[in-house]
Each structure stands twice: as C-alpha cells, then as structure tokens.
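> Got a structure here, written out as structure tokens. Questions coming.
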Amino acid sequence: MLKMVYVMTDFKPVTLEINGRQETIAASPNMTLLEALRELNHFEVKCGCEKGDCGACAVLIDGEAVDSCLMFAHSAVGKPVTTLDGLTGNGDDQHPLKKAFVEKGAIQCGYCIPGMVIAAQSMLNKNPNPTRQEMREGLGGNLCRCTGYNKIFDAIEAAAAELDAGGRD
Ligand code: FES
Ligand code: FES
C-alpha cells in the first residue's frame, strides 16, 4: 500500500476545542481527529476499525455524532468536540445516559460504550423519545459484540425519561 511520508515541516500546530478546553497538537495534513484525540490522551475515544464501520470513535460535533476516524484533525478546528468525558450531568450528578447504562447493565466489555453513548445523545438531541425501531436505526452505525443491544435500548429509554423530566437540558 502506498503511504504518504511527511517531513517534520508538514506538521502544523492544530488547536482543537475538546470538552470546552483548547488543546494543541502538531498534526500532519492527514492526521485524523481520532488520532489527534488519542495523542492528546482522550483514550475515552476508542479506535475500532478506522473505516467508519463500528462507531467506537464517535464524538459530538454540533450535537451530532461524527466518526472521528473519518475526519481530519484540521477539519475540526473551530468546531467544539465533545467526547464521552465531556457529557456531564447537573452539579454532582452523572449524565443520565451514563447512569442508565450502568444501572441497566448495558455495559459488558465496554469497548463500544463511549461511541454508543455519544450516538445515543446525538439521537436524543434529534428525537427525545425514540421508539425501539428508531433506536435500532439511530444506532445502526454503532456495533456492539457483547450485549445484544436490548439492555442498551433499556438504558436509552430510562435516560430519555429522565432527560424528559428535566434531568438535563
Ligand atoms: S474506529 Fe471509527 S468507525 Fe470504527
Ligand atoms: S459492551 Fe462489548 S462491544 Fe459493546
């Protein structure tokens, strides 16, 4: 396979807004947002396939889930990025989705979960009360090899009810 070779001068500082903080990295022109995030120690963003197939690397940009492996780091400049760690609850409370995933036993090996929670938040941003079928469609780009998805759907349903009741704006 032909690989591009970059010299050090091709690396340019790229400043990203990640979970409300400015972080700078020296990035080659083809560094993906996923690579940048993990270089910056955001290991909560997982790397599964690097092809847009698994959803493990999903982050929120403008409230919408984006596969960070499919986006160049420099393309994310000026676009606030939210990872799983940036999803917080009110005050000391955990974010309703994170809490529900734990309470409903929706986590097994956990590898898919950061992307799954991000995709769930993205879906709830558009549709606060999705049906099971809408959840299947909304999470169609996120693969889980462990749970069989039903507990994930249970968790999203519980979180949606809490968010609906004012658990988070
Ligand atoms: S690592 Fe990005 S979609 Fe699989
Ligand atoms: S919990 Fe293991 S891949 Fe989803």
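In the structure tokens, chains take the letters A, B, ... in the order shown, each chain's residues start at 1, and ligands count up from 1 in the order shown.
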Would you kindly return, as JSON, numbers by chain, each protein, DNA or RNA residue with an atom no farther than 8 Å from any atom of stretch 12-24 of chain A, considering only C-alpha atoms and excluding same-chain residues fewer than 6 positions away?

{"A": [40, 73, 74, 76, 77, 78, 79, 80, 81, 82, 83, 85, 86]}

> Could you name the residues that touch A:Ile107 at 12 Å or less, counting only C-alpha atoms, but leaving out those on the same chain fewer than 3 positions away, as a list of chain:residue names?

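Contacts, with the query itself left out: A:Leu97, A:Lys98, A:Lys99, A:Ala100, A:Phe101, A:Val102, A:Glu103, A:Lys104, A:Gly110, A:Tyr111, A:Cys112, A:Ile113, A:Pro114, A:Met116, A:Val117, A:Cys144, A:Arg145, A:Cys146, A:Thr147, A:Gly148, A:Tyr149, A:Asn150, A:Lys151, A:Ile152, A:Phe153, A:Asp154, A:Ala155.
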
> Please, which residues of stretch 1-142 of chain A, numbered as in this document, come out strand (DSSP E or B) from DSSP, as a list in words?

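Residues of stretch 1-142 of chain A classed as strand (DSSP E or B): Lys12, Pro13, Val14, Thr15, Leu16, Glu17, Ile18, Arg21, Gln22, Glu23, Thr24, Ile25, Ala26, Ala27, Thr32, Ala58, Val59, Leu60, Ile61, Glu64, Ala65, Val66, Asp67, Phe72, Val81 and Thr82 of chain A.
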
> Leaving out A:Glu134 and any residue of its chain fewer than 4 positions from it, which residues lie within 12 Å of it when counting only C-alpha atoms, given as a ChimeraX atom specification?

/A:120,123-124,126-130,138-140,153,156-157

> Go through A:Glu137, A:Asp164, A:Asp10, A:Glu35 and flag the residue nearest A:Cys57, using only C-alpha atoms for the distances.

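Looking only at the distances to A:Cys57, the closest residue turns out to be A:Glu35.
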
> From a backbone DSSP assignment, name each residue in stretch 11-67 of chain A labelled helix (DSSP H, G or I), as JSON, numbers by chain.

{"A": [33, 34, 35, 36, 37, 38, 39]}

> I need the chosen residues saved as a PDB file, in the first residue's frame, with N, CA and C atoms.


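Contents of the output file selection.pdb:
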ATOM      1  N   LEU A  33      -8.976  13.102  13.258  1.00  0.00           N
ATOM      2  CA  LEU A  33      -9.398  13.623  14.561  1.00  0.00           C
ATOM      3  C   LEU A  33      -9.243  12.535  15.620  1.00  0.00           C
ATOM      4  N   LEU A  34      -9.535  11.299  15.269  1.00  0.00           N
ATOM      5  CA  LEU A  34      -9.359  10.191  16.219  1.00  0.00           C
ATOM      6  C   LEU A  34      -7.904  10.105  16.690  1.00  0.00           C
ATOM      7  N   GLU A  35      -6.975  10.156  15.741  1.00  0.00           N
ATOM      8  CA  GLU A  35      -5.554  10.079  16.117  1.00  0.00           C
ATOM      9  C   GLU A  35      -5.176  11.258  17.007  1.00  0.00           C
ATOM     10  N   ALA A  36      -5.665  12.440  16.659  1.00  0.00           N
ATOM     11  CA  ALA A  36      -5.343  13.628  17.461  1.00  0.00           C
ATOM     12  C   ALA A  36      -5.893  13.476  18.878  1.00  0.00           C
ATOM     13  N   LEU A  37      -7.128  13.018  18.985  1.00  0.00           N
ATOM     14  CA  LEU A  37      -7.744  12.889  20.316  1.00  0.00           C
ATOM     15  C   LEU A  37      -6.954  11.902  21.171  1.00  0.00           C
ATOM     16  N   ARG A  38      -6.565  10.789  20.592  1.00  0.00           N
ATOM     17  CA  ARG A  38      -5.847   9.784  21.385  1.00  0.00           C
ATOM     18  C   ARG A  38      -4.423  10.254  21.696  1.00  0.00           C
ATOM     19  N   GLU A  39      -3.793  10.990  20.760  1.00  0.00           N
ATOM     20  CA  GLU A  39      -2.480  11.583  21.054  1.00  0.00           C
ATOM     21  C   GLU A  39      -2.580  12.552  22.232  1.00  0.00           C
TER      22      GLU A  39
END

> In Å, how far is it from atom CA of A:Gly89 to atom CA of A:Phe43?

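About the pair atom CA of A:Gly89 and atom CA of A:Phe43: they are 20.4 Å apart.
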
> For A:Ala165, which of A:Gln133, A:Thr88, A:Pro96, A:Cys47 is the closest residue, counting only C-alpha atoms?

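The closest residue to A:Ala165 is A:Pro96.
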
> Between A:Ser68, A:Thr9, A:Gln108, A:Thr131, single out the one closest to A:Lys46, counting only C-alpha atoms.

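The answer is A:Ser68, which sits nearest to A:Lys46.
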
> Restrict the calculation to only C-alpha atoms and all ligand atoms, then for each residue of chain A with any atom at most 6 Å from an atom of ligand 1 give the closest atom pair and their distance in Å to one decimal, rows by chain and rising residue number, as a tab-separated table.


residue	atom	partner	partner_atom_place_in_ligand_line	distance
A:Cys47	CA	ligand 1	1 (S)	4.3
A:Gly48	CA	ligand 1	1 (S)	4.0
A:Cys49	CA	ligand 1	4 (Fe)	3.8
A:Glu50	CA	ligand 1	1 (S)	3.9
A:Lys51	CA	ligand 1	3 (S)	5.4
A:Gly52	CA	ligand 1	3 (S)	3.3
A:Asp53	CA	ligand 1	3 (S)	4.5
A:Cys54	CA	ligand 1	4 (Fe)	3.9
A:Gly55	CA	ligand 1	3 (S)	4.0
A:Ala56	CA	ligand 1	4 (Fe)	5.2
A:Cys57	CA	ligand 1	2 (Fe)	4.5
A:Asp67	CA	ligand 1	2 (Fe)	5.0
A:Ser68	CA	ligand 1	2 (Fe)	5.9
A:Cys69	CA	ligand 1	2 (Fe)	4.4

> Nearest to ligand 2 among A:Ala159, A:Val45, A:Ile118, A:Cys109, with distances taken over only C-alpha atoms and all ligand atoms: which residue is it?

A:Cys109

> Quick one, how far is atom CA of A:Leu143 from atom CA of A:His42?

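Between atom CA of A:Leu143 and atom CA of A:His42 the gap is 20.5 Å.
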